[in-house]
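See structure below.
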Amino acid sequence: MIMEGDPFLVIEGMTIAAITVGATKGYIYVRSEYPHAVEAMNAAIAAAKRGGYLGTNIGGTTQSFDLEVRVGAGAYVCGEETSLLESLEGRRGIVRAKPPLPAHHGLFGKPTVINNVLSFAAIPFILAEGAKAYADFGMGRSRGTMPIQLAGNIRYGGLFETAFGVTLGELVDDIGGGTFTGRPVRAVQVGGPLGAYFPRALFDTPFDYEAFAARDGLIGHGGIVVFDDSVDMRKQARFAMEFCAVESCGKCTPCRIGSTRGVETIEKIMRRERVTENLALVEDLCNTMKFGSLCALGGFTPYPVLSALKHFREDFVPAPTTLQAAE
């Protein structure tokens, strides 16, 4: 949204950051699924160079900084900073072990600053209006605004920018208008495909990093996907493991093998095979992935799985038969 709508904001923010740390070269890494963003950024960079705001002697000063757009093949794991660096250098996107951190040994072996587009885009406003003006938006340690994507089974989907602190319920019910089908909202996934599932009981959660972390959730990229009461949470948990298996770079065992075993184990639960034992196995597997994976791909996969087990356990445990209920 930012790169297509205001690419000069990104260029200005990156230029300020580069001058601050003494960098002379910057790269904007964009996945191939976003051709409009690539086109907009390339056009803006060309215009900035013509205007003397990129290249040598920026704006008549002694500072020099140049920008280049690099298009990735579309691997999800390249959102992780060290995989992104590997891809930028022309290699397969595989996570690097840390240390060393990119700030010490990054792109082409040089100290490198890596930030999200949102972070760079905030810099011009902060310098122009002051830190207090920026901090006046939001709450706690989560300051500024966030572009939130409302999607899934929702009446009014789209992009909505707001300050941190609005509750999840306000976003889904007041802004999103509830479900598109008109059926009750059962679950909301926040933070992308590896975000946790929140039930309506948690709709009072303020939309900020600390509040979501306190309830075992993620804000991630700000995506909100709504599901009505027809959703099968077993299938959603399986999808999370399958997504990880497909997107894993394969470097670490917890992510590579754990996600594959996770799909198999959840499928056994769906077939009602040794449900109690397999549920315990999934929880143990999630614990291993969360704390043993090299990056957040394997480390975050447990969030949707464990939240589905915690808040929607009735979908995983078979209801007792009439005879069992009588006993």
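Note on naming: chains are A, B, ... as they come in the structure tokens, residues start from 1 per chain, ligands start from 1 in the order shown.
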* To do: Compile the contact shell of Leu88 in chain A as number ranges by chain: residues with an atom at most 9 Å away, counting only C-alpha atoms, same-chain residues fewer than 3 positions apart removed.
  => A: 27, 29, 70-72, 83-85, 91, 93, 107
N, CA and C atoms of the current selection, written as an mmCIF file, in the first residue's frame:
```
data_model
loop_
_atom_site.group_PDB
_atom_site.id
_atom_site.type_symbol
_atom_site.label_atom_id
_atom_site.label_comp_id
_atom_site.auth_asym_id
_atom_site.auth_seq_id
_atom_site.Cartn_x
_atom_site.Cartn_y
_atom_site.Cartn_z
ATOM 1 N N TYR A 27 18.829 -1.056 -0.827
ATOM 2 C CA TYR A 27 18.067 -1.982 -1.661
ATOM 3 C C TYR A 27 16.652 -2.109 -1.110
ATOM 4 N N TYR A 29 13.735 -4.690 -1.288
ATOM 5 C CA TYR A 29 13.462 -6.071 -1.676
ATOM 6 C C TYR A 29 11.950 -6.276 -1.739
ATOM 7 N N ARG A 70 15.171 -4.679 -5.889
ATOM 8 C CA ARG A 70 15.464 -6.074 -6.216
ATOM 9 C C ARG A 70 14.190 -6.894 -6.036
ATOM 10 N N VAL A 71 13.855 -7.704 -7.030
ATOM 11 C CA VAL A 71 12.622 -8.498 -6.997
ATOM 12 C C VAL A 71 12.953 -9.932 -6.626
ATOM 13 N N GLY A 72 12.324 -10.426 -5.567
ATOM 14 C CA GLY A 72 12.525 -11.806 -5.126
ATOM 15 C C GLY A 72 11.557 -12.743 -5.817
ATOM 16 N N SER A 83 17.541 -14.496 5.478
ATOM 17 C CA SER A 83 17.149 -15.132 4.216
ATOM 18 C C SER A 83 17.038 -14.095 3.112
ATOM 19 N N LEU A 84 16.543 -12.920 3.484
ATOM 20 C CA LEU A 84 16.442 -11.815 2.523
ATOM 21 C C LEU A 84 17.830 -11.429 2.013
ATOM 22 N N LEU A 85 18.801 -11.385 2.917
ATOM 23 C CA LEU A 85 20.164 -11.044 2.513
ATOM 24 C C LEU A 85 20.726 -12.088 1.558
ATOM 25 N N ARG A 91 21.683 -15.870 -3.948
ATOM 26 C CA ARG A 91 21.627 -17.273 -3.544
ATOM 27 C C ARG A 91 20.222 -17.650 -3.113
ATOM 28 N N GLY A 93 17.224 -18.451 -0.732
ATOM 29 C CA GLY A 93 16.875 -17.825 0.532
ATOM 30 C C GLY A 93 16.861 -18.820 1.675
ATOM 31 N N LEU A 107 24.821 -7.587 4.308
ATOM 32 C CA LEU A 107 24.838 -7.741 2.856
ATOM 33 C C LEU A 107 26.265 -7.600 2.323
#
```
* To do: Taking the DSSP assignment computed from this structure's backbone, write out as a VMD selection string all residues of range 54-150 of chain A that belong to alpha helix (DSSP H).
  => chain A and resid 81 to 88 117 to 129 131 to 135
For the residues in the current selection, export N, CA and C atoms as a JSON list (two decimals), in the first residue's frame.
```json
[["chain", "number", "residue", "atom", "x", "y", "z"],
["A", 81, "GLU", "N", 15.12, -11.65, 7.90],
["A", 81, "GLU", "CA", 16.16, -10.73, 7.42],
["A", 81, "GLU", "C", 17.37, -11.42, 6.81],
["A", 82, "THR", "N", 17.83, -12.52, 7.41],
["A", 82, "THR", "CA", 19.04, -13.14, 6.87],
["A", 82, "THR", "C", 18.75, -13.92, 5.59],
["A", 83, "SER", "N", 17.54, -14.50, 5.48],
["A", 83, "SER", "CA", 17.15, -15.13, 4.22],
["A", 83, "SER", "C", 17.04, -14.09, 3.11],
["A", 84, "LEU", "N", 16.54, -12.92, 3.48],
["A", 84, "LEU", "CA", 16.44, -11.81, 2.52],
["A", 84, "LEU", "C", 17.83, -11.43, 2.01],
["A", 85, "LEU", "N", 18.80, -11.39, 2.92],
["A", 85, "LEU", "CA", 20.16, -11.04, 2.51],
["A", 85, "LEU", "C", 20.73, -12.09, 1.56],
["A", 86, "GLU", "N", 20.48, -13.36, 1.86],
["A", 86, "GLU", "CA", 20.95, -14.43, 0.98],
["A", 86, "GLU", "C", 20.36, -14.27, -0.42],
["A", 87, "SER", "N", 19.07, -13.98, -0.48],
["A", 87, "SER", "CA", 18.40, -13.80, -1.77],
["A", 87, "SER", "C", 18.95, -12.58, -2.51],
["A", 88, "LEU", "N", 19.19, -11.49, -1.77],
["A", 88, "LEU", "CA", 19.75, -10.29, -2.39],
["A", 88, "LEU", "C", 21.12, -10.55, -3.00],
["A", 117, "VAL", "N", 9.33, -1.64, 5.64],
["A", 117, "VAL", "CA", 8.91, -0.43, 4.93],
["A", 117, "VAL", "C", 8.19, 0.54, 5.89],
["A", 118, "LEU", "N", 7.38, -0.01, 6.80],
["A", 118, "LEU", "CA", 6.63, 0.84, 7.74],
["A", 118, "LEU", "C", 7.57, 1.67, 8.61],
["A", 119, "SER", "N", 8.68, 1.06, 9.01],
["A", 119, "SER", "CA", 9.63, 1.78, 9.88],
["A", 119, "SER", "C", 10.27, 2.95, 9.13],
["A", 120, "PHE", "N", 10.73, 2.69, 7.91],
["A", 120, "PHE", "CA", 11.32, 3.77, 7.13],
["A", 120, "PHE", "C", 10.31, 4.87, 6.81],
["A", 121, "ALA", "N", 9.07, 4.47, 6.55],
["A", 121, "ALA", "CA", 8.05, 5.46, 6.18],
["A", 121, "ALA", "C", 7.68, 6.37, 7.35],
["A", 122, "ALA", "N", 7.96, 5.94, 8.57],
["A", 122, "ALA", "CA", 7.63, 6.76, 9.74],
["A", 122, "ALA", "C", 8.67, 7.86, 9.98],
["A", 123, "ILE", "N", 9.87, 7.69, 9.45],
["A", 123, "ILE", "CA", 10.97, 8.61, 9.75],
["A", 123, "ILE", "C", 10.68, 10.06, 9.33],
["A", 124, "PRO", "N", 10.21, 10.31, 8.10],
["A", 124, "PRO", "CA", 9.98, 11.71, 7.71],
["A", 124, "PRO", "C", 8.98, 12.42, 8.61],
["A", 125, "PHE", "N", 7.92, 11.74, 9.01],
["A", 125, "PHE", "CA", 6.92, 12.37, 9.89],
["A", 125, "PHE", "C", 7.52, 12.71, 11.24],
["A", 126, "ILE", "N", 8.31, 11.78, 11.79],
["A", 126, "ILE", "CA", 8.91, 12.02, 13.11],
["A", 126, "ILE", "C", 9.85, 13.22, 13.07],
["A", 127, "LEU", "N", 10.67, 13.31, 12.01],
["A", 127, "LEU", "CA", 11.61, 14.43, 11.92],
["A", 127, "LEU", "C", 10.89, 15.75, 11.64],
["A", 128, "ALA", "N", 9.81, 15.69, 10.87],
["A", 128, "ALA", "CA", 9.10, 16.92, 10.51],
["A", 128, "ALA", "C", 8.23, 17.44, 11.66],
["A", 129, "GLU", "N", 7.54, 16.51, 12.35],
["A", 129, "GLU", "CA", 6.56, 16.91, 13.37],
["A", 129, "GLU", "C", 7.07, 16.72, 14.80],
["A", 131, "ALA", "N", 9.07, 13.88, 17.78],
["A", 131, "ALA", "CA", 8.81, 12.56, 18.37],
["A", 131, "ALA", "C", 7.50, 12.54, 19.16],
["A", 132, "LYS", "N", 7.18, 13.64, 19.85],
["A", 132, "LYS", "CA", 5.97, 13.67, 20.66],
["A", 132, "LYS", "C", 4.72, 13.55, 19.79],
["A", 133, "ALA", "N", 4.73, 14.22, 18.64],
["A", 133, "ALA", "CA", 3.56, 14.14, 17.75],
["A", 133, "ALA", "C", 3.33, 12.71, 17.29],
["A", 134, "TYR", "N", 4.42, 11.99, 17.03],
["A", 134, "TYR", "CA", 4.30, 10.57, 16.63],
["A", 134, "TYR", "C", 3.83, 9.73, 17.80],
["A", 135, "ALA", "N", 4.40, 9.99, 18.98],
["A", 135, "ALA", "CA", 4.07, 9.20, 20.17],
["A", 135, "ALA", "C", 2.65, 9.46, 20.65]]
```
Contacts of Ala280 in chain A at 12 Å or less, counting only C-alpha atoms, minus same-chain residues fewer than 5 places along, as a compact mmCIF listing (two decimals) with C-alpha atoms, in the first residue's frame?
```txt
# COMPACT_ATOMS: atom_id res chain seq x y z
CA GLY A 262 2.58 -31.78 12.44
CA THR A 265 -0.44 -35.83 13.39
CA ILE A 266 -3.31 -33.38 12.94
CA ILE A 269 -6.66 -36.32 15.01
CA ARG A 274 -5.71 -41.84 19.44
CA VAL A 275 -6.88 -38.26 19.85
CA LEU A 285 5.95 -30.64 18.73
CA CYS A 286 4.85 -27.01 18.83
CA ASN A 287 7.02 -26.41 21.88
CA LEU A 306 -1.85 -23.85 19.91
CA LEU A 309 -6.26 -26.08 20.49
CA PHE A 316 -10.38 -31.53 18.20
CA VAL A 317 -11.82 -33.69 20.99
```
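Checking A:Thr276, A:Thr301, A:Ser259, A:Ser248 one by one against Gly191 in chain A, counting only C-alpha atoms, you find the shortest gap at A:Thr301.
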* **For Pro304 in chain A, the nearest of the candidates A:Met3, A:Ala211, A:Leu171, A:Leu194, counting only C-alpha atoms** =>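 Checking each of A:Met3, A:Ala211, A:Leu171, A:Leu194 against Pro304 in chain A, counting only C-alpha atoms, the winner is A:Leu194.
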* Asked: Could you name the residues that touch Val69 in chain A at 9 Å or less, counting only C-alpha atoms, but leaving out those on the same chain fewer than 4 positions away, as a PyMOL selection string?
  -> chain A and resi 26-30+38+41-42+45
Write the residues of the selection above to a file with N, CA and C atoms, as an mmCIF file, in the first residue's frame.
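For reference, part.cif as written:
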```
data_model
loop_
_atom_site.group_PDB
_atom_site.id
_atom_site.type_symbol
_atom_site.label_atom_id
_atom_site.label_comp_id
_atom_site.auth_asym_id
_atom_site.auth_seq_id
_atom_site.Cartn_x
_atom_site.Cartn_y
_atom_site.Cartn_z
ATOM 1 N N GLY A 26 21.371 1.495 -0.986
ATOM 2 C CA GLY A 26 20.205 0.865 -0.386
ATOM 3 C C GLY A 26 19.487 -0.022 -1.372
ATOM 4 N N TYR A 27 18.829 -1.056 -0.827
ATOM 5 C CA TYR A 27 18.067 -1.982 -1.661
ATOM 6 C C TYR A 27 16.652 -2.109 -1.110
ATOM 7 N N ILE A 28 15.692 -2.107 -2.011
ATOM 8 C CA ILE A 28 14.303 -2.370 -1.645
ATOM 9 C C ILE A 28 13.954 -3.747 -2.200
ATOM 10 N N TYR A 29 13.735 -4.690 -1.288
ATOM 11 C CA TYR A 29 13.462 -6.071 -1.676
ATOM 12 C C TYR A 29 11.950 -6.276 -1.739
ATOM 13 N N VAL A 30 11.449 -6.612 -2.914
ATOM 14 C CA VAL A 30 10.018 -6.767 -3.130
ATOM 15 C C VAL A 30 9.746 -8.137 -3.733
ATOM 16 N N VAL A 38 6.564 -2.703 -7.492
ATOM 17 C CA VAL A 38 7.865 -2.646 -8.170
ATOM 18 C C VAL A 38 7.882 -1.508 -9.179
ATOM 19 N N MET A 41 7.865 1.945 -7.352
ATOM 20 C CA MET A 41 9.149 2.262 -6.719
ATOM 21 C C MET A 41 10.205 2.607 -7.756
ATOM 22 N N ASN A 42 10.253 1.862 -8.848
ATOM 23 C CA ASN A 42 11.244 2.152 -9.897
ATOM 24 C C ASN A 42 11.011 3.532 -10.514
ATOM 25 N N ILE A 45 12.098 6.172 -7.920
ATOM 26 C CA ILE A 45 13.556 6.250 -7.815
ATOM 27 C C ILE A 45 14.135 7.024 -9.000
#
```
* **Contacts of Pro199 in chain A within 10 Å, only C-alpha atoms, excl. fewer than 4 positions in-chain, as an MDAnalysis selection string** => chainID A and resid 185:189 203 227 307:308 311:312
Just the residues within 6 Å of Ala37 in chain A, please, counting only C-alpha atoms, with nothing from its chain fewer than 3 positions along; format it as a PDB file with N, CA and C atoms, in the first residue's frame.
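part.pdb was written with the following content:
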```
ATOM      1  N   MET A   3       4.190   1.508  -0.780  1.00  0.00           N
ATOM      2  CA  MET A   3       5.062   1.601  -1.957  1.00  0.00           C
ATOM      3  C   MET A   3       4.282   1.994  -3.202  1.00  0.00           C
ATOM      4  N   GLU A   4       3.045   1.557  -3.306  1.00  0.00           N
ATOM      5  CA  GLU A   4       2.234   1.931  -4.466  1.00  0.00           C
ATOM      6  C   GLU A   4       1.653   3.330  -4.322  1.00  0.00           C
ATOM      7  N   TYR A  34       4.088  -8.572  -6.297  1.00  0.00           N
ATOM      8  CA  TYR A  34       3.647  -7.181  -6.188  1.00  0.00           C
ATOM      9  C   TYR A  34       4.205  -6.332  -7.335  1.00  0.00           C
ATOM     10  N   ALA A  40       5.947   1.189  -9.272  1.00  0.00           N
ATOM     11  CA  ALA A  40       5.860   2.495  -8.622  1.00  0.00           C
ATOM     12  C   ALA A  40       7.191   2.902  -8.003  1.00  0.00           C
TER      13      ALA A  40
END
```
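Residue nearest Met146 in chain A, chosen from A:Val77, A:Val21, A:Ile219, A:Val226 and counting only C-alpha atoms: A:Ile219.
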* To do: With a distance cut-off of 9 Å and only C-alpha atoms, select the neighbouring residues of range 136-139 of chain A, excluding the residue or stretch itself and same-chain residues fewer than 2 positions from it, and output the selection as a PyMOL selection string.
  => chain A and resi 131-134+141-145+162-166+208
